[in-house]
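S.K.: Sharing model.txt here; it has compact mmCIF, N, CA and C atoms.
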# COMPACT_ATOMS: atom_id res chain seq x y z
N LYS A 1 183.44 -66.40 -57.12
CA LYS A 1 182.32 -67.02 -57.81
C LYS A 1 182.07 -66.27 -59.11
N PRO A 2 181.95 -66.98 -60.23
CA PRO A 2 181.69 -66.33 -61.51
C PRO A 2 180.31 -65.67 -61.53
N LYS A 3 180.16 -64.70 -62.43
CA LYS A 3 178.87 -64.01 -62.59
C LYS A 3 177.78 -64.95 -63.10
N MET A 4 178.19 -65.97 -63.85
CA MET A 4 177.21 -66.92 -64.39
C MET A 4 177.66 -68.34 -64.06
N ASP A 5 176.71 -69.22 -64.00
CA ASP A 5 177.02 -70.62 -63.73
C ASP A 5 177.58 -71.27 -64.99
N ILE A 6 178.66 -72.02 -64.80
CA ILE A 6 179.30 -72.73 -65.90
C ILE A 6 179.50 -74.16 -65.45
N LEU A 7 179.11 -75.09 -66.29
CA LEU A 7 179.32 -76.50 -65.97
C LEU A 7 180.81 -76.80 -65.85
N GLU A 8 181.15 -77.62 -64.89
CA GLU A 8 182.55 -77.98 -64.67
C GLU A 8 183.17 -78.63 -65.91
N CYS A 9 182.36 -79.39 -66.64
CA CYS A 9 182.89 -80.05 -67.84
C CYS A 9 183.29 -79.03 -68.91
N ILE A 10 182.63 -77.88 -68.93
CA ILE A 10 182.99 -76.83 -69.89
C ILE A 10 184.33 -76.21 -69.50
N ILE A 11 184.56 -76.02 -68.21
CA ILE A 11 185.84 -75.47 -67.74
C ILE A 11 186.97 -76.44 -68.07
N VAL A 12 186.73 -77.73 -67.86
CA VAL A 12 187.75 -78.74 -68.19
C VAL A 12 188.00 -78.75 -69.70
N ALA A 13 186.95 -78.70 -70.50
CA ALA A 13 187.10 -78.67 -71.95
C ALA A 13 187.86 -77.42 -72.39
N GLN A 14 187.58 -76.30 -71.76
CA GLN A 14 188.27 -75.06 -72.08
C GLN A 14 189.76 -75.18 -71.74
N PHE A 15 190.07 -75.79 -70.59
CA PHE A 15 191.47 -76.01 -70.22
C PHE A 15 192.17 -76.87 -71.28
N ILE A 16 191.53 -77.95 -71.68
CA ILE A 16 192.11 -78.86 -72.67
C ILE A 16 192.33 -78.15 -74.00
N ASP A 17 191.35 -77.36 -74.42
CA ASP A 17 191.49 -76.61 -75.68
C ASP A 17 192.67 -75.64 -75.61
N ILE A 18 192.81 -74.94 -74.49
CA ILE A 18 193.89 -73.96 -74.36
C ILE A 18 195.24 -74.67 -74.35
N ILE A 19 195.38 -75.69 -73.53
CA ILE A 19 196.68 -76.36 -73.43
C ILE A 19 197.04 -77.03 -74.75
N ASN A 20 196.06 -77.61 -75.45
CA ASN A 20 196.33 -78.21 -76.76
C ASN A 20 196.75 -77.15 -77.78
N GLY A 21 196.17 -75.97 -77.69
CA GLY A 21 196.53 -74.89 -78.59
C GLY A 21 197.91 -74.32 -78.32
N LEU A 22 198.39 -74.46 -77.10
CA LEU A 22 199.69 -73.91 -76.73
C LEU A 22 200.84 -74.88 -76.93
N LEU A 23 200.56 -76.16 -76.83
CA LEU A 23 201.63 -77.17 -76.93
C LEU A 23 202.03 -77.39 -78.39
N PRO A 24 203.33 -77.53 -78.65
CA PRO A 24 203.75 -77.87 -80.01
C PRO A 24 203.39 -79.31 -80.32
N SER A 25 203.36 -79.65 -81.58
CA SER A 25 203.06 -81.03 -81.95
C SER A 25 204.18 -81.93 -81.46
N PRO A 26 203.88 -83.20 -81.18
CA PRO A 26 204.90 -84.12 -80.65
C PRO A 26 206.12 -84.28 -81.56
N ASP A 27 205.94 -84.06 -82.86
CA ASP A 27 207.07 -84.22 -83.78
C ASP A 27 207.77 -82.91 -84.09
N ALA A 28 207.44 -81.83 -83.37
CA ALA A 28 208.10 -80.54 -83.58
C ALA A 28 209.57 -80.65 -83.20
N ALA A 29 210.41 -79.90 -83.90
CA ALA A 29 211.86 -79.96 -83.66
C ALA A 29 212.21 -79.53 -82.25
N LYS A 30 211.59 -78.46 -81.79
CA LYS A 30 211.91 -77.95 -80.45
C LYS A 30 210.75 -78.25 -79.50
N GLN A 31 211.05 -79.00 -78.47
CA GLN A 31 210.05 -79.33 -77.45
C GLN A 31 210.28 -78.45 -76.22
N PRO A 32 209.19 -78.05 -75.55
CA PRO A 32 209.34 -77.18 -74.38
C PRO A 32 209.98 -77.91 -73.20
N SER A 33 210.71 -77.14 -72.40
CA SER A 33 211.31 -77.70 -71.18
C SER A 33 210.21 -77.94 -70.14
N ASN A 34 210.56 -78.61 -69.06
CA ASN A 34 209.58 -78.84 -67.99
C ASN A 34 209.09 -77.53 -67.39
N ALA A 35 209.99 -76.56 -67.22
CA ALA A 35 209.60 -75.24 -66.68
C ALA A 35 208.64 -74.54 -67.63
N HIS A 36 208.91 -74.65 -68.93
CA HIS A 36 208.03 -74.05 -69.94
C HIS A 36 206.65 -74.72 -69.90
N LEU A 37 206.63 -76.05 -69.81
CA LEU A 37 205.36 -76.78 -69.73
C LEU A 37 204.56 -76.38 -68.49
N GLU A 38 205.26 -76.17 -67.38
CA GLU A 38 204.57 -75.77 -66.16
C GLU A 38 203.92 -74.40 -66.33
N ARG A 39 204.62 -73.47 -66.97
CA ARG A 39 204.05 -72.14 -67.21
C ARG A 39 202.86 -72.22 -68.16
N LEU A 40 202.94 -73.06 -69.17
CA LEU A 40 201.80 -73.24 -70.07
C LEU A 40 200.61 -73.83 -69.32
N TYR A 41 200.88 -74.76 -68.41
CA TYR A 41 199.83 -75.35 -67.58
C TYR A 41 199.15 -74.26 -66.73
N VAL A 42 199.96 -73.42 -66.08
CA VAL A 42 199.41 -72.35 -65.25
C VAL A 42 198.60 -71.38 -66.10
N PHE A 43 199.11 -71.03 -67.28
CA PHE A 43 198.39 -70.13 -68.18
C PHE A 43 197.04 -70.72 -68.57
N ALA A 44 197.02 -71.99 -68.94
CA ALA A 44 195.76 -72.65 -69.30
C ALA A 44 194.82 -72.73 -68.11
N LEU A 45 195.36 -72.97 -66.94
CA LEU A 45 194.56 -73.03 -65.72
C LEU A 45 193.92 -71.68 -65.42
N MET A 46 194.70 -70.61 -65.51
CA MET A 46 194.15 -69.31 -65.17
C MET A 46 193.13 -68.83 -66.20
N TRP A 47 193.30 -69.19 -67.48
CA TRP A 47 192.34 -68.74 -68.50
C TRP A 47 191.19 -69.71 -68.72
N SER A 48 191.18 -70.83 -68.03
CA SER A 48 190.00 -71.71 -68.07
C SER A 48 189.23 -71.56 -66.77
N LEU A 49 189.88 -71.82 -65.67
CA LEU A 49 189.23 -71.75 -64.36
C LEU A 49 188.95 -70.31 -63.94
N GLY A 50 189.87 -69.41 -64.25
CA GLY A 50 189.73 -68.04 -63.78
C GLY A 50 189.15 -67.06 -64.78
N ALA A 51 188.91 -67.49 -66.01
CA ALA A 51 188.48 -66.57 -67.06
C ALA A 51 187.13 -65.90 -66.78
N SER A 52 186.23 -66.60 -66.18
CA SER A 52 184.89 -66.06 -65.96
C SER A 52 184.75 -65.31 -64.64
N LEU A 53 185.85 -65.15 -63.92
CA LEU A 53 185.81 -64.45 -62.64
C LEU A 53 185.86 -62.94 -62.83
N GLU A 54 185.23 -62.22 -61.92
CA GLU A 54 185.33 -60.77 -61.88
C GLU A 54 186.72 -60.39 -61.40
N LEU A 55 187.11 -59.14 -61.59
CA LEU A 55 188.47 -58.70 -61.26
C LEU A 55 188.86 -59.00 -59.81
N GLU A 56 187.97 -58.69 -58.86
CA GLU A 56 188.33 -58.93 -57.46
C GLU A 56 188.44 -60.42 -57.15
N ASP A 57 187.65 -61.23 -57.86
CA ASP A 57 187.74 -62.68 -57.67
C ASP A 57 189.00 -63.25 -58.33
N ARG A 58 189.46 -62.60 -59.39
CA ARG A 58 190.72 -63.03 -60.01
C ARG A 58 191.88 -62.81 -59.05
N VAL A 59 191.82 -61.72 -58.30
CA VAL A 59 192.86 -61.46 -57.29
C VAL A 59 192.83 -62.55 -56.23
N LYS A 60 191.63 -62.96 -55.81
CA LYS A 60 191.50 -64.04 -54.82
C LYS A 60 192.03 -65.35 -55.40
N PHE A 61 191.72 -65.61 -56.67
CA PHE A 61 192.20 -66.82 -57.34
C PHE A 61 193.72 -66.83 -57.40
N GLN A 62 194.31 -65.68 -57.72
CA GLN A 62 195.76 -65.56 -57.74
C GLN A 62 196.32 -65.83 -56.34
N GLY A 63 195.69 -65.27 -55.32
CA GLY A 63 196.12 -65.51 -53.94
C GLY A 63 196.07 -66.98 -53.58
N PHE A 64 195.02 -67.67 -54.04
CA PHE A 64 194.89 -69.12 -53.80
C PHE A 64 196.05 -69.87 -54.44
N LEU A 65 196.37 -69.53 -55.70
CA LEU A 65 197.47 -70.21 -56.39
C LEU A 65 198.81 -69.92 -55.71
N GLU A 66 198.99 -68.69 -55.26
CA GLU A 66 200.23 -68.33 -54.56
C GLU A 66 200.33 -69.05 -53.22
N GLU A 67 199.20 -69.16 -52.53
CA GLU A 67 199.16 -69.81 -51.22
C GLU A 67 199.50 -71.29 -51.33
N LYS A 68 199.02 -71.94 -52.38
CA LYS A 68 199.30 -73.36 -52.57
C LYS A 68 200.77 -73.60 -52.84
N GLY A 69 201.41 -72.62 -53.45
CA GLY A 69 202.85 -72.70 -53.69
C GLY A 69 203.25 -73.75 -54.69
N GLY A 70 204.49 -73.68 -55.11
CA GLY A 70 205.02 -74.68 -56.01
C GLY A 70 204.75 -74.45 -57.48
N LEU A 71 203.92 -73.46 -57.81
CA LEU A 71 203.63 -73.18 -59.22
C LEU A 71 204.52 -72.04 -59.72
N SER A 72 204.86 -72.11 -60.98
CA SER A 72 205.68 -71.07 -61.59
C SER A 72 204.78 -69.93 -62.06
N LEU A 73 204.47 -69.02 -61.15
CA LEU A 73 203.61 -67.87 -61.45
C LEU A 73 204.47 -66.68 -61.86
N PRO A 74 203.90 -65.78 -62.66
CA PRO A 74 204.67 -64.57 -62.99
C PRO A 74 204.87 -63.70 -61.75
N LYS A 75 205.95 -62.96 -61.75
CA LYS A 75 206.22 -62.01 -60.66
C LYS A 75 205.40 -60.76 -60.92
N CYS A 76 204.37 -60.56 -60.12
CA CYS A 76 203.45 -59.44 -60.32
C CYS A 76 203.83 -58.26 -59.43
N GLU A 77 203.62 -57.08 -59.98
CA GLU A 77 203.79 -55.87 -59.19
C GLU A 77 202.52 -55.67 -58.37
N ASP A 78 202.50 -54.67 -57.53
CA ASP A 78 201.35 -54.43 -56.65
C ASP A 78 200.05 -54.22 -57.42
N THR A 79 200.13 -53.62 -58.60
CA THR A 79 198.90 -53.28 -59.34
C THR A 79 198.56 -54.26 -60.44
N THR A 80 199.35 -55.32 -60.61
CA THR A 80 199.07 -56.28 -61.67
C THR A 80 198.68 -57.64 -61.11
N THR A 81 198.06 -58.44 -61.96
CA THR A 81 197.69 -59.80 -61.59
C THR A 81 198.30 -60.77 -62.61
N ILE A 82 198.20 -62.05 -62.32
CA ILE A 82 198.73 -63.05 -63.23
C ILE A 82 198.04 -63.01 -64.59
N PHE A 83 196.83 -62.46 -64.62
CA PHE A 83 196.07 -62.41 -65.87
C PHE A 83 196.63 -61.38 -66.85
N GLU A 84 197.59 -60.61 -66.43
CA GLU A 84 198.21 -59.61 -67.30
C GLU A 84 199.51 -60.12 -67.91
N TYR A 85 199.73 -61.44 -67.82
CA TYR A 85 200.95 -62.05 -68.33
C TYR A 85 200.62 -63.23 -69.24
N TYR A 86 201.53 -63.49 -70.16
CA TYR A 86 201.41 -64.65 -71.05
C TYR A 86 202.77 -65.34 -71.08
N VAL A 87 202.81 -66.53 -71.66
CA VAL A 87 204.05 -67.30 -71.76
C VAL A 87 204.62 -67.10 -73.16
N THR A 88 205.86 -66.65 -73.22
CA THR A 88 206.51 -66.43 -74.51
C THR A 88 206.88 -67.76 -75.15
N ASP A 89 207.33 -67.70 -76.40
CA ASP A 89 207.79 -68.91 -77.09
C ASP A 89 209.00 -69.53 -76.42
N ASP A 90 209.73 -68.71 -75.65
CA ASP A 90 210.89 -69.20 -74.91
C ASP A 90 210.52 -69.76 -73.54
N GLY A 91 209.23 -69.70 -73.19
CA GLY A 91 208.78 -70.26 -71.92
C GLY A 91 208.88 -69.32 -70.75
N GLU A 92 209.04 -68.04 -71.01
CA GLU A 92 209.13 -67.05 -69.94
C GLU A 92 207.82 -66.28 -69.83
N TRP A 93 207.55 -65.75 -68.64
CA TRP A 93 206.38 -64.89 -68.45
C TRP A 93 206.72 -63.50 -68.99
N ALA A 94 205.77 -62.89 -69.69
CA ALA A 94 205.93 -61.53 -70.19
C ALA A 94 204.59 -60.81 -70.05
N HIS A 95 204.64 -59.51 -69.83
CA HIS A 95 203.42 -58.72 -69.69
C HIS A 95 202.79 -58.56 -71.08
N TRP A 96 201.46 -58.57 -71.10
CA TRP A 96 200.75 -58.45 -72.37
C TRP A 96 201.14 -57.19 -73.13
N ASP A 97 201.51 -56.12 -72.43
CA ASP A 97 201.84 -54.89 -73.15
C ASP A 97 203.04 -55.04 -74.07
N SER A 98 203.88 -56.07 -73.83
CA SER A 98 205.02 -56.32 -74.73
C SER A 98 204.56 -56.93 -76.05
N LYS A 99 203.34 -57.41 -76.11
CA LYS A 99 202.80 -58.04 -77.32
C LYS A 99 201.91 -57.08 -78.13
N VAL A 100 201.60 -55.93 -77.56
CA VAL A 100 200.73 -54.96 -78.24
C VAL A 100 201.52 -54.28 -79.35
N VAL A 101 200.98 -54.32 -80.56
CA VAL A 101 201.63 -53.68 -81.70
C VAL A 101 201.15 -52.24 -81.84
N GLU A 102 201.98 -51.42 -82.43
CA GLU A 102 201.63 -50.01 -82.62
C GLU A 102 200.60 -49.89 -83.73
N TYR A 103 199.61 -49.05 -83.51
CA TYR A 103 198.60 -48.80 -84.54
C TYR A 103 199.12 -47.74 -85.49
N VAL A 104 199.09 -48.04 -86.77
CA VAL A 104 199.51 -47.07 -87.79
C VAL A 104 198.28 -46.70 -88.60
N TYR A 105 197.92 -45.42 -88.51
CA TYR A 105 196.76 -44.93 -89.24
C TYR A 105 197.10 -44.90 -90.73
N PRO A 106 196.22 -45.45 -91.58
CA PRO A 106 196.52 -45.47 -93.01
C PRO A 106 196.62 -44.05 -93.59
N GLN A 107 197.63 -43.84 -94.42
CA GLN A 107 197.85 -42.52 -95.02
C GLN A 107 197.10 -42.34 -96.34
N GLU A 108 196.89 -43.44 -97.07
CA GLU A 108 196.29 -43.36 -98.40
C GLU A 108 194.77 -43.28 -98.38
N THR A 109 194.16 -43.89 -97.37
CA THR A 109 192.70 -43.94 -97.32
C THR A 109 192.22 -43.51 -95.94
N ILE A 110 190.95 -43.22 -95.87
CA ILE A 110 190.33 -42.93 -94.59
C ILE A 110 189.51 -44.16 -94.21
N PRO A 111 189.93 -44.84 -93.15
CA PRO A 111 189.20 -46.06 -92.78
C PRO A 111 187.83 -45.73 -92.19
N ARG A 112 186.93 -46.67 -92.35
CA ARG A 112 185.63 -46.51 -91.71
C ARG A 112 185.83 -46.53 -90.21
N TYR A 113 185.09 -45.72 -89.52
CA TYR A 113 185.23 -45.61 -88.07
C TYR A 113 185.02 -46.96 -87.38
N ASP A 114 184.03 -47.72 -87.86
CA ASP A 114 183.72 -49.00 -87.22
C ASP A 114 184.72 -50.10 -87.55
N SER A 115 185.69 -49.81 -88.42
CA SER A 115 186.70 -50.82 -88.75
C SER A 115 188.02 -50.57 -88.02
N ILE A 116 188.10 -49.48 -87.27
CA ILE A 116 189.34 -49.15 -86.57
C ILE A 116 189.38 -49.89 -85.23
N LEU A 117 190.45 -50.63 -85.03
CA LEU A 117 190.67 -51.28 -83.74
C LEU A 117 192.10 -50.97 -83.31
N VAL A 118 192.21 -50.06 -82.37
CA VAL A 118 193.53 -49.67 -81.87
C VAL A 118 193.98 -50.74 -80.87
N PRO A 119 195.12 -51.39 -81.15
CA PRO A 119 195.57 -52.45 -80.25
C PRO A 119 195.84 -51.93 -78.84
N ASN A 120 195.39 -52.71 -77.87
CA ASN A 120 195.69 -52.46 -76.46
C ASN A 120 195.87 -53.80 -75.78
N VAL A 121 196.16 -53.78 -74.50
CA VAL A 121 196.41 -55.03 -73.77
C VAL A 121 195.20 -55.95 -73.82
N ASP A 122 194.01 -55.42 -73.61
CA ASP A 122 192.81 -56.27 -73.55
C ASP A 122 192.50 -56.94 -74.87
N ASN A 123 192.49 -56.17 -75.98
CA ASN A 123 192.14 -56.83 -77.24
C ASN A 123 193.28 -57.68 -77.79
N THR A 124 194.52 -57.39 -77.40
CA THR A 124 195.64 -58.26 -77.78
C THR A 124 195.53 -59.61 -77.08
N CYS A 125 195.21 -59.58 -75.80
CA CYS A 125 195.01 -60.81 -75.02
C CYS A 125 193.84 -61.61 -75.58
N THR A 126 192.73 -60.94 -75.83
CA THR A 126 191.54 -61.61 -76.35
C THR A 126 191.81 -62.25 -77.70
N GLU A 127 192.50 -61.52 -78.59
CA GLU A 127 192.82 -62.07 -79.90
C GLU A 127 193.72 -63.30 -79.78
N PHE A 128 194.70 -63.25 -78.90
CA PHE A 128 195.59 -64.38 -78.67
C PHE A 128 194.79 -65.60 -78.21
N LEU A 129 193.91 -65.40 -77.23
CA LEU A 129 193.13 -66.51 -76.69
C LEU A 129 192.18 -67.10 -77.73
N LEU A 130 191.65 -66.27 -78.60
CA LEU A 130 190.75 -66.76 -79.64
C LEU A 130 191.49 -67.53 -80.72
N GLN A 131 192.77 -67.24 -80.92
CA GLN A 131 193.53 -67.89 -81.98
C GLN A 131 194.16 -69.21 -81.57
N ILE A 132 194.23 -69.49 -80.26
CA ILE A 132 194.86 -70.76 -79.85
C ILE A 132 193.89 -71.92 -79.92
Go ahead and express the file in the form of structure tokens.
M.R.:
Amino acid sequence: KPKMDILECIIVAQFIDIINGLLPSPDAAKQPSNAHLERLYVFALMWSLGASLELEDRVKFQGFLEEKGGLSLPKCEDTTTIFEYYVTDDGEWAHWDSKVVEYVYPQETIPRYDSILVPNVDNTCTEFLLQI
């Protein structure tokens, strides 16, 4: 159960926004395979339906999806959940840490402390979700 009440129509709208942001345009040269589309569907499902869940509830949600079977879920280690994975442009599951870029401290200037954002898994994931 999420910490706050969310209307079901908002969750559906969030799913639609995510899947629309992930799908290429119909006239794009390269169209995703069925397996790729299924992974995009699962990604949109987990970040719409499961986004507002607490960590322990996300584990339960993952268990529910695994129990239902038939979905192309990422292969998680004991300490990871499906929420730590994204779908690459090739349609494969990859851990968010593969998308984190190295922070390079500027040599010429001293940045303001409040402007420094060192990339990590959480803010990389959040930035990705905000941009789709």
S.K.: Could you state the separation of CA of Asn34 (chain A) and atom C of Asp90 (chain A) in Å, given to one decimal place?
M.R.: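 Result for CA of Asn34 (chain A) versus atom C of Asp90 (chain A): 10.7 Å, one decimal.
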S.K.: Hey, what does DSSP flag as helix (DSSP H, G or I) within chain A? Can you give it to me as a CSV table (one decimal) with N, CA and C atoms, keeping the file's coordinate frame?
M.R.:
chain,number,residue,atom,x,y,z
A,8,GLU,N,181.2,-77.6,-64.9
A,8,GLU,CA,182.6,-78.0,-64.7
A,8,GLU,C,183.2,-78.6,-65.9
A,9,CYS,N,182.4,-79.4,-66.6
A,9,CYS,CA,182.9,-80.0,-67.8
A,9,CYS,C,183.3,-79.0,-68.9
A,10,ILE,N,182.6,-77.9,-68.9
A,10,ILE,CA,183.0,-76.8,-69.9
A,10,ILE,C,184.3,-76.2,-69.5
A,11,ILE,N,184.6,-76.0,-68.2
A,11,ILE,CA,185.8,-75.5,-67.7
A,11,ILE,C,187.0,-76.4,-68.1
A,12,VAL,N,186.7,-77.7,-67.9
A,12,VAL,CA,187.8,-78.7,-68.2
A,12,VAL,C,188.0,-78.8,-69.7
A,13,ALA,N,187.0,-78.7,-70.5
A,13,ALA,CA,187.1,-78.7,-72.0
A,13,ALA,C,187.9,-77.4,-72.4
A,14,GLN,N,187.6,-76.3,-71.8
A,14,GLN,CA,188.3,-75.1,-72.1
A,14,GLN,C,189.8,-75.2,-71.7
A,15,PHE,N,190.1,-75.8,-70.6
A,15,PHE,CA,191.5,-76.0,-70.2
A,15,PHE,C,192.2,-76.9,-71.3
A,16,ILE,N,191.5,-78.0,-71.7
A,16,ILE,CA,192.1,-78.9,-72.7
A,16,ILE,C,192.3,-78.2,-74.0
A,17,ASP,N,191.4,-77.4,-74.4
A,17,ASP,CA,191.5,-76.6,-75.7
A,17,ASP,C,192.7,-75.6,-75.6
A,18,ILE,N,192.8,-74.9,-74.5
A,18,ILE,CA,193.9,-74.0,-74.4
A,18,ILE,C,195.2,-74.7,-74.4
A,19,ILE,N,195.4,-75.7,-73.5
A,19,ILE,CA,196.7,-76.4,-73.4
A,19,ILE,C,197.0,-77.0,-74.8
A,20,ASN,N,196.1,-77.6,-75.4
A,20,ASN,CA,196.3,-78.2,-76.8
A,20,ASN,C,196.8,-77.2,-77.8
A,21,GLY,N,196.2,-76.0,-77.7
A,21,GLY,CA,196.5,-74.9,-78.6
A,21,GLY,C,197.9,-74.3,-78.3
A,22,LEU,N,198.4,-74.5,-77.1
A,22,LEU,CA,199.7,-73.9,-76.7
A,22,LEU,C,200.8,-74.9,-76.9
A,34,ASN,N,210.6,-78.6,-69.1
A,34,ASN,CA,209.6,-78.8,-68.0
A,34,ASN,C,209.1,-77.5,-67.4
A,35,ALA,N,210.0,-76.6,-67.2
A,35,ALA,CA,209.6,-75.2,-66.7
A,35,ALA,C,208.6,-74.5,-67.6
A,36,HIS,N,208.9,-74.6,-68.9
A,36,HIS,CA,208.0,-74.0,-69.9
A,36,HIS,C,206.6,-74.7,-69.9
A,37,LEU,N,206.6,-76.0,-69.8
A,37,LEU,CA,205.4,-76.8,-69.7
A,37,LEU,C,204.6,-76.4,-68.5
A,38,GLU,N,205.3,-76.2,-67.4
A,38,GLU,CA,204.6,-75.8,-66.2
A,38,GLU,C,203.9,-74.4,-66.3
A,39,ARG,N,204.6,-73.5,-67.0
A,39,ARG,CA,204.0,-72.1,-67.2
A,39,ARG,C,202.9,-72.2,-68.2
A,40,LEU,N,202.9,-73.1,-69.2
A,40,LEU,CA,201.8,-73.2,-70.1
A,40,LEU,C,200.6,-73.8,-69.3
A,41,TYR,N,200.9,-74.8,-68.4
A,41,TYR,CA,199.8,-75.4,-67.6
A,41,TYR,C,199.2,-74.3,-66.7
A,42,VAL,N,200.0,-73.4,-66.1
A,42,VAL,CA,199.4,-72.4,-65.2
A,42,VAL,C,198.6,-71.4,-66.1
A,43,PHE,N,199.1,-71.0,-67.3
A,43,PHE,CA,198.4,-70.1,-68.2
A,43,PHE,C,197.0,-70.7,-68.6
A,44,ALA,N,197.0,-72.0,-68.9
A,44,ALA,CA,195.8,-72.6,-69.3
A,44,ALA,C,194.8,-72.7,-68.1
A,45,LEU,N,195.4,-73.0,-66.9
A,45,LEU,CA,194.6,-73.0,-65.7
A,45,LEU,C,193.9,-71.7,-65.4
A,46,MET,N,194.7,-70.6,-65.5
A,46,MET,CA,194.2,-69.3,-65.2
A,46,MET,C,193.1,-68.8,-66.2
A,47,TRP,N,193.3,-69.2,-67.5
A,47,TRP,CA,192.3,-68.7,-68.5
A,47,TRP,C,191.2,-69.7,-68.7
A,48,SER,N,191.2,-70.8,-68.0
A,48,SER,CA,190.0,-71.7,-68.1
A,48,SER,C,189.2,-71.6,-66.8
A,55,LEU,N,187.1,-59.1,-61.6
A,55,LEU,CA,188.5,-58.7,-61.3
A,55,LEU,C,188.9,-59.0,-59.8
A,56,GLU,N,188.0,-58.7,-58.9
A,56,GLU,CA,188.3,-58.9,-57.5
A,56,GLU,C,188.4,-60.4,-57.2
A,57,ASP,N,187.6,-61.2,-57.9
A,57,ASP,CA,187.7,-62.7,-57.7
A,57,ASP,C,189.0,-63.2,-58.3
A,58,ARG,N,189.5,-62.6,-59.4
A,58,ARG,CA,190.7,-63.0,-60.0
A,58,ARG,C,191.9,-62.8,-59.0
A,59,VAL,N,191.8,-61.7,-58.3
A,59,VAL,CA,192.9,-61.5,-57.3
A,59,VAL,C,192.8,-62.6,-56.2
A,60,LYS,N,191.6,-63.0,-55.8
A,60,LYS,CA,191.5,-64.0,-54.8
A,60,LYS,C,192.0,-65.4,-55.4
A,61,PHE,N,191.7,-65.6,-56.7
A,61,PHE,CA,192.2,-66.8,-57.3
A,61,PHE,C,193.7,-66.8,-57.4
A,62,GLN,N,194.3,-65.7,-57.7
A,62,GLN,CA,195.8,-65.6,-57.7
A,62,GLN,C,196.3,-65.8,-56.3
A,63,GLY,N,195.7,-65.3,-55.3
A,63,GLY,CA,196.1,-65.5,-53.9
A,63,GLY,C,196.1,-67.0,-53.6
A,64,PHE,N,195.0,-67.7,-54.0
A,64,PHE,CA,194.9,-69.1,-53.8
A,64,PHE,C,196.0,-69.9,-54.4
A,65,LEU,N,196.4,-69.5,-55.7
A,65,LEU,CA,197.5,-70.2,-56.4
A,65,LEU,C,198.8,-69.9,-55.7
A,66,GLU,N,199.0,-68.7,-55.3
A,66,GLU,CA,200.2,-68.3,-54.6
A,66,GLU,C,200.3,-69.0,-53.2
A,67,GLU,N,199.2,-69.2,-52.5
A,67,GLU,CA,199.2,-69.8,-51.2
A,67,GLU,C,199.5,-71.3,-51.3
A,68,LYS,N,199.0,-71.9,-52.4
A,68,LYS,CA,199.3,-73.4,-52.6
A,68,LYS,C,200.8,-73.6,-52.8
A,82,ILE,N,198.2,-62.0,-62.3
A,82,ILE,CA,198.7,-63.0,-63.2
A,82,ILE,C,198.0,-63.0,-64.6
A,83,PHE,N,196.8,-62.5,-64.6
A,83,PHE,CA,196.1,-62.4,-65.9
A,83,PHE,C,196.6,-61.4,-66.8
A,84,GLU,N,197.6,-60.6,-66.4
A,84,GLU,CA,198.2,-59.6,-67.3
A,84,GLU,C,199.5,-60.1,-67.9
A,96,TRP,N,201.5,-58.6,-71.1
A,96,TRP,CA,200.8,-58.4,-72.4
A,96,TRP,C,201.1,-57.2,-73.1
A,97,ASP,N,201.5,-56.1,-72.4
A,97,ASP,CA,201.8,-54.9,-73.2
A,97,ASP,C,203.0,-55.0,-74.1
A,98,SER,N,203.9,-56.1,-73.8
A,98,SER,CA,205.0,-56.3,-74.7
A,98,SER,C,204.6,-56.9,-76.0
A,113,TYR,N,185.1,-45.7,-89.5
A,113,TYR,CA,185.2,-45.6,-88.1
A,113,TYR,C,185.0,-47.0,-87.4
A,114,ASP,N,184.0,-47.7,-87.9
A,114,ASP,CA,183.7,-49.0,-87.2
A,114,ASP,C,184.7,-50.1,-87.6
A,115,SER,N,185.7,-49.8,-88.4
A,115,SER,CA,186.7,-50.8,-88.8
A,115,SER,C,188.0,-50.6,-88.0
A,121,VAL,N,196.2,-53.8,-74.5
A,121,VAL,CA,196.4,-55.0,-73.8
A,121,VAL,C,195.2,-56.0,-73.8
A,122,ASP,N,194.0,-55.4,-73.6
A,122,ASP,CA,192.8,-56.3,-73.6
A,122,ASP,C,192.5,-56.9,-74.9
A,123,ASN,N,192.5,-56.2,-76.0
A,123,ASN,CA,192.1,-56.8,-77.2
A,123,ASN,C,193.3,-57.7,-77.8
A,124,THR,N,194.5,-57.4,-77.4
A,124,THR,CA,195.6,-58.3,-77.8
A,124,THR,C,195.5,-59.6,-77.1
A,125,CYS,N,195.2,-59.6,-75.8
A,125,CYS,CA,195.0,-60.8,-75.0
A,125,CYS,C,193.8,-61.6,-75.6
A,126,THR,N,192.7,-60.9,-75.8
A,126,THR,CA,191.5,-61.6,-76.4
A,126,THR,C,191.8,-62.2,-77.7
A,127,GLU,N,192.5,-61.5,-78.6
A,127,GLU,CA,192.8,-62.1,-79.9
A,127,GLU,C,193.7,-63.3,-79.8
A,128,PHE,N,194.7,-63.2,-78.9
A,128,PHE,CA,195.6,-64.4,-78.7
A,128,PHE,C,194.8,-65.6,-78.2
A,129,LEU,N,193.9,-65.4,-77.2
A,129,LEU,CA,193.1,-66.5,-76.7
A,129,LEU,C,192.2,-67.1,-77.7
A,130,LEU,N,191.6,-66.3,-78.6
A,130,LEU,CA,190.8,-66.8,-79.6
A,130,LEU,C,191.5,-67.5,-80.7
A,131,GLN,N,192.8,-67.2,-80.9
A,131,GLN,CA,193.5,-67.9,-82.0
A,131,GLN,C,194.2,-69.2,-81.6
S.K.: What are the closest atom pairs, with distances in Å to one decimal, for all residues of region 27-46 of chain A lying within 8 Å of region 92-115 of chain A? Consider all atoms listed in the file, order rows by chain and residue number, and present the result as CSV.
M.R.:
residue,atom,partner,partner_atom,distance
A:Ala35,C,A:Glu92,N,7.3
A:His36,CA,A:Glu92,N,6.2
A:Arg39,CA,A:Trp93,N,7.4
S.K.: Could you list, as a PyMOL selection string, every residue within 12 Å of Trp47 (chain A), counting only C-alpha atoms and ignoring same-chain residues fewer than 6 positions away?
M.R.: chain A and resi 11-19+40-41+53+58+61-62+82-86+125-126+128-130+132
S.K.: What does the structure give for the distance between CA of Ser25 (chain A) and atom C of Val121 (chain A), in Å to one decimal?
M.R.: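 These two atoms are separated by 27.5 Å.
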